[in-house]
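K.L.:
First, the structure itself, so that you have it in front of you.
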There are 2 protein chains.
Amino acid sequence: MSQTNRQFVLGKRPEGKPDRDTFELEETGIPEPKHGEVLVRTLFLSVDPYMRGRMRDRESYADPWDVGEPMAGHVVGEVVDSEHDDWQAGEFVFGNGSWSEYATLDGDDLTPVEPSANVPLESYLGVLGMPGRTAYFGTREVVEPTPGDTVAVSGAAGAVGSTVGQLASFAGARVVGFAGSDEKVDYLEDDLGFDAGINYKETDDYRAALDEAAPEGVDGYFDNVGGPISDAVFTQLNVDARVAVCGQIATYNDEGVATGPRKLPLLIPSRARVQGLLVGDYVARFEQANARLQEWVESGDLVHRESIVDGFENAPDAFLGLFEGDNIGKQVVNVAEPSE
Amino acid sequence: MSQTNRQFVLGKRPEGKPDRDTFELEETGIPEPKHGEVLVRTLFLSVDPYMRGRMRDRESYADPWDVGEPMAGHVVGEVVDSEHDDWQAGEFVFGNGSWSEYATLDGDDLTPVEPSANVPLESYLGVLGMPGRTAYFGTREVVEPTPGDTVAVSGAAGAVGSTVGQLASFAGARVVGFAGSDEKVDYLEDDLGFDAGINYKETDDYRAALDEAAPEGVDGYFDNVGGPISDAVFTQLNVDARVAVCGQIATYNDEGVATGPRKLPLLIPSRARVQGLLVGDYVARFEQANARLQEWVESGDLVHRESIVDGFENAPDAFLGLFEGDNIGKQVVNVAEPSE
């Protein structure tokens, strides 16, 4: 076991697009667990678009990160040393960790991870982690697809969108996804069962493309992206449409307030309901969600993919790639291999 | 009884702001009721902001008006002649009529109007008509105020807003209203029991004004106006806020699509729910709403006011005045006096 620990801290707050200088790599010692804590060796680290918000010096639903402090992140890891009765060395766990190779975490906050043939370790950061649960609750509680509905999804090939589309499809809806490459569109249509995919980088007229893919309008919209894609979708909302606003990655790097076409006037003829979504609001039902998701994943009904960047030192690139649309499915960083 | 009938038809579709040329006054004969119809003499005619939408050649929730055809409108009138068993000459009725002095209406579609000391005839176009019901359902079903909430209302001195604010106040909320003159703000604060009024024509910084009037943020917002007022309110939404989008009069005269600050990103931290509102969706419960509203009006608990423009020929001015904020409470046109 290496005697040094590496961690990324917030080097400086980005203005506009983050870059490598946003992150600073530090070498420290491996911490020792206190009573009730567990020393976890990171195997997979999650990088997520919402982290861009925590780089700002502004209160929001998640506290801003401090410059010079380790950045938080979900991890799947292996217990190295435990001062908590529930955990023993060698067990796999999911936890709210940080961008580090080792971390001491409160044993009460860890949950067990059980990999199997269809469920690799890293999927606990994706379809069986926060993104999967976000898709689950957002689809069921906000978008509420029913047979005959048309559901549109932006960021459709991403960790959340790819699950949303499949769940909407299970519910009997026609599903249309926006994604940023032909490869992603093929993934939507061939692997995930979307009825149509739109490569938004290949068209200037999102509205016309959507009108072709969804000629009967949009009854449900799960928005991970915002910006011009959402501008187009809002013009096509049917009466009683439901919109889940989950992510707005198109605007996360904006300084100041972005402008766009006004949407409130469109809500009166459609009587659409537009609702912001944070998965943390559903924490009381996470277990229920994971049980369902696990069943679907184990059976192979729910397809998932993880984009894996190898090497802890490449975590910043994995994060930056989210804004370039590099990933298909959940973006994770493979930090280390299990010890056995 | 006069032997001629006057009516306004849509003279031409306005581009931008309507003006007198939008309307054309025609003289015709008085129609004769067929079997099942009732000849109604208009006493009061309602002019409403939503009518601007019907002047466009575009399908929406209400059909566009045809150029050269009489414009539709709610009326309170007196039965002159009836070919329907339910109605007799001399009775007062509410109906979906038109901008005309006389009209033959389907007797099945009329509802009785019973004026009393606290309830003049014209209030059946306001607090006991479509605007009152809009306020009732929008407040109860979308804004859902509870004690301790802060509710903001735009167009607060108008027919809908003035009722919304009072209903939210009945429910225990702190109520803040935006209106366009000091006289209106006084009306809100002194007569309607609003906790604070903001004269938006006297400030450039709506957000700061709102922050002062609603220091704990906004839990419910009933929007009749849109534009920069809504831009400000959306920045102040608390977690789980509810927004009813009822009207967007600030944008009704825009040609093309107006732009403004993007609001979807604000919905994620607040998890706000934003919903378009059309009172017609609640038609099954109109009777329930009117019973409650009538009780409150009769008791004097629910204050209402009508702005009356005299003379049928002045109906266009009454309509145009809506966009200048001329009215306090419901704008109506007094077309004629009851015959007795």
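Naming works like this for the structure tokens: A, B, ... for the chains as they're shown, residue 1 at the start of each chain, ligands 1 onward in shown order.
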Using only C-alpha atoms and a distance of at most 9 Å, pull out the residues of chain B that contact chain A, as a PyMOL selection string.
P.N.:
chain B and resi 60-62+226-227+240+245-248+251-252+257-278
K.L.:
Please dump the current selection as an mmCIF file, in the first residue's frame; keep C-alpha atoms.
P.N.:
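Output (out10.cif):
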data_model
loop_
_atom_site.group_PDB
_atom_site.id
_atom_site.type_symbol
_atom_site.label_atom_id
_atom_site.label_comp_id
_atom_site.auth_asym_id
_atom_site.auth_seq_id
_atom_site.Cartn_x
_atom_site.Cartn_y
_atom_site.Cartn_z
ATOM 1 C CA SER B 60 -54.118 29.163 -29.506
ATOM 2 C CA TYR B 61 -56.383 28.164 -26.644
ATOM 3 C CA ALA B 62 -59.010 30.540 -28.006
ATOM 4 C CA GLY B 226 -44.521 38.754 -17.173
ATOM 5 C CA GLY B 227 -41.509 40.669 -18.487
ATOM 6 C CA ASP B 240 -40.681 24.675 -3.225
ATOM 7 C CA VAL B 245 -48.631 31.936 -14.999
ATOM 8 C CA CYS B 246 -51.993 33.479 -15.709
ATOM 9 C CA GLY B 247 -51.245 36.449 -17.931
ATOM 10 C CA GLN B 248 -48.271 38.039 -19.645
ATOM 11 C CA THR B 251 -45.509 40.768 -23.918
ATOM 12 C CA TYR B 252 -48.928 40.623 -25.625
ATOM 13 C CA VAL B 257 -40.423 36.412 -29.634
ATOM 14 C CA ALA B 258 -39.327 38.601 -26.748
ATOM 15 C CA THR B 259 -36.119 37.684 -24.966
ATOM 16 C CA GLY B 260 -35.186 37.981 -21.334
ATOM 17 C CA PRO B 261 -33.034 36.439 -18.630
ATOM 18 C CA ARG B 262 -33.156 32.659 -18.651
ATOM 19 C CA LYS B 263 -35.237 31.342 -15.784
ATOM 20 C CA LEU B 264 -34.903 27.576 -15.995
ATOM 21 C CA PRO B 265 -31.541 27.613 -14.148
ATOM 22 C CA LEU B 266 -33.291 29.289 -11.199
ATOM 23 C CA LEU B 267 -35.716 26.403 -10.880
ATOM 24 C CA ILE B 268 -33.123 23.852 -9.820
ATOM 25 C CA PRO B 269 -31.998 25.381 -6.510
ATOM 26 C CA SER B 270 -35.584 26.451 -5.738
ATOM 27 C CA ARG B 271 -37.289 23.312 -7.089
ATOM 28 C CA ALA B 272 -40.033 25.760 -7.960
ATOM 29 C CA ARG B 273 -43.112 24.568 -9.801
ATOM 30 C CA VAL B 274 -44.262 26.893 -12.574
ATOM 31 C CA GLN B 275 -47.630 26.234 -14.114
ATOM 32 C CA GLY B 276 -49.721 27.806 -16.830
ATOM 33 C CA LEU B 277 -53.278 28.626 -15.818
ATOM 34 C CA LEU B 278 -56.480 28.720 -17.857
#
K.L.:
Return as a VMD selection string the full set of residues in region 117-313 of chain A whose backbone-based DSSP assignment is helix (DSSP H, G or I).
P.N.:
chain A and resid 121 to 125 130 to 143 159 to 170 182 to 191 200 to 202 206 to 213 227 to 235 249 to 251 264 to 270 279 to 299 312 to 313
K.L.:
Excluding region 84-100 of chain A and residues on its chain fewer than 2 positions from it, collect all residues at most 6 Å away from it, counting only C-alpha atoms, and give them as a list in words.
P.N.:
Arg6, Gln7, Phe8, Gly36, Glu37, Met71, Ala72, Gly73, His74, Val75, Val76, Gly77, Glu78, Val79, Val80, Asp81, Ser82, Tyr102, Gly107, Leu110, Thr111, Pro112 and Val113 of chain A
K.L.:
Identify, on the basis of only C-alpha atoms, every residue whose closest approach to Asn118 (chain A) does not exceed 9 Å; exclude the query and any residue fewer than 5 positions from it along the same chain; express the result as a PyMOL selection string.
P.N.:
chain A and resi 297-300
K.L.:
What's around Glu202 (chain A) at 12 Å? Count only C-alpha atoms, leave out sequence neighbours fewer than 4 positions away in its own chain, and write the answer as a PyMOL selection string.
P.N.:
chain A and resi 178-182+185+197-198+206+209
K.L.:
Could you save those same residues with N, CA and C atoms as a compact mmCIF listing (two decimals), in the first residue's frame?
P.N.:
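Final file, result17.txt:
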# COMPACT_ATOMS: atom_id res chain seq x y z
N PHE A 178 -32.21 14.27 -27.53
CA PHE A 178 -31.20 15.15 -28.13
C PHE A 178 -29.83 14.71 -27.63
N ALA A 179 -28.89 14.56 -28.55
CA ALA A 179 -27.53 14.22 -28.17
C ALA A 179 -26.58 14.86 -29.17
N GLY A 180 -25.28 14.84 -28.84
CA GLY A 180 -24.34 15.68 -29.59
C GLY A 180 -23.44 14.98 -30.59
N SER A 181 -23.76 13.75 -30.99
CA SER A 181 -22.97 13.10 -32.04
C SER A 181 -23.79 11.98 -32.66
N ASP A 182 -23.38 11.58 -33.86
CA ASP A 182 -24.07 10.46 -34.51
C ASP A 182 -23.90 9.17 -33.71
N VAL A 185 -26.44 9.25 -31.05
CA VAL A 185 -27.78 9.02 -31.60
C VAL A 185 -27.96 7.53 -31.90
N GLY A 197 -33.57 9.87 -32.27
CA GLY A 197 -32.51 10.70 -31.70
C GLY A 197 -32.23 11.87 -32.63
N ILE A 198 -31.90 13.00 -32.05
CA ILE A 198 -31.57 14.18 -32.83
C ILE A 198 -30.14 14.59 -32.49
N TYR A 206 -33.45 23.36 -34.38
CA TYR A 206 -33.85 22.31 -33.44
C TYR A 206 -35.36 22.09 -33.48
N ALA A 209 -36.35 19.97 -36.39
CA ALA A 209 -35.90 18.59 -36.16
C ALA A 209 -36.82 17.90 -35.17
K.L.:
Gly68 (chain A): which residues within 8 Å, counting only C-alpha atoms, same-chain residues fewer than 6 positions away excluded, as a list of chain:residue names?
P.N.:
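After dropping sequence-adjacent residues, the list is A:Val9, A:Leu10, A:Gly11, A:Lys12.
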K.L.:
Would you return as number ranges by chain the members of region 2-206 of chain B that DSSP assigns to strand (DSSP E) on this structure's backbone?
P.N.:
B: 4-10, 23-29, 37-46, 72-82, 92-98, 102-106, 111-112, 150-153, 174-179, 196-199
K.L.:
Could you pull the residues within 8 Å of Gly193 (chain A), counting only C-alpha atoms, minus those fewer than 4 positions along the same chain, as a CSV table (one decimal) with all heavy atoms, in the first residue's frame?
P.N.:
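Below you can see out-v9.csv, which holds the result:
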chain,number,residue,atom,x,y,z
A,166,GLN,N,-35.2,5.4,-21.1
A,166,GLN,CA,-35.7,4.0,-21.0
A,166,GLN,C,-36.9,3.9,-20.1
A,166,GLN,O,-37.8,3.1,-20.3
A,166,GLN,CB,-34.5,3.2,-20.5
A,166,GLN,CG,-33.4,3.0,-21.6
A,166,GLN,CD,-32.2,2.2,-21.0
A,166,GLN,OE1,-32.2,1.0,-21.1
A,166,GLN,NE2,-31.2,2.9,-20.5
A,169,SER,N,-39.9,5.0,-21.8
A,169,SER,CA,-40.2,4.0,-22.8
A,169,SER,C,-40.9,2.8,-22.1
A,169,SER,O,-42.0,2.3,-22.6
A,169,SER,CB,-38.9,3.5,-23.5
A,169,SER,OG,-39.2,2.9,-24.7
A,188,LEU,N,-28.7,5.8,-28.7
A,188,LEU,CA,-30.0,6.0,-28.2
A,188,LEU,C,-31.0,5.1,-29.0
A,188,LEU,O,-31.8,4.4,-28.4
A,188,LEU,CB,-30.5,7.5,-28.5
A,188,LEU,CG,-29.7,8.6,-27.8
A,188,LEU,CD1,-30.4,9.9,-28.2
A,188,LEU,CD2,-29.7,8.4,-26.3
A,189,GLU,N,-30.8,5.1,-30.3
A,189,GLU,CA,-31.8,4.4,-31.1
A,189,GLU,C,-31.6,2.8,-31.1
A,189,GLU,O,-32.5,2.1,-31.1
A,189,GLU,CB,-31.8,4.9,-32.6
A,189,GLU,CG,-32.2,6.4,-32.6
A,189,GLU,CD,-32.2,6.9,-34.0
A,189,GLU,OE1,-31.6,6.3,-34.9
A,189,GLU,OE2,-32.8,8.0,-34.2
K.L.:
At what distance in Å, to one decimal, does CA of Met130 (chain A) lie from CA of Asn290 (chain A)?
P.N.:
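Interatomic distance here is 9.8 Å.
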K.L.:
Separation of CA of Thr134 (chain A) and CA of Asp191 (chain A), in Å?
P.N.:
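Distance reported for this atom pair: 20.8 Å.
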K.L.:
Could you check the closest approach to Leu320 (chain B) for each of B:Thr146, B:Gly155, B:Asn253, B:Val175 and tell me which residue wins, using only C-alpha atoms?
P.N.:
B:Asn253
K.L.:
Expressed in Å to a single decimal, how great is the separation between CA of Gly172 (chain A) and CA of Phe194 (chain A)?
P.N.:
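So the two atoms, CA of Gly172 (chain A) and CA of Phe194 (chain A), lie 11.4 Å apart.
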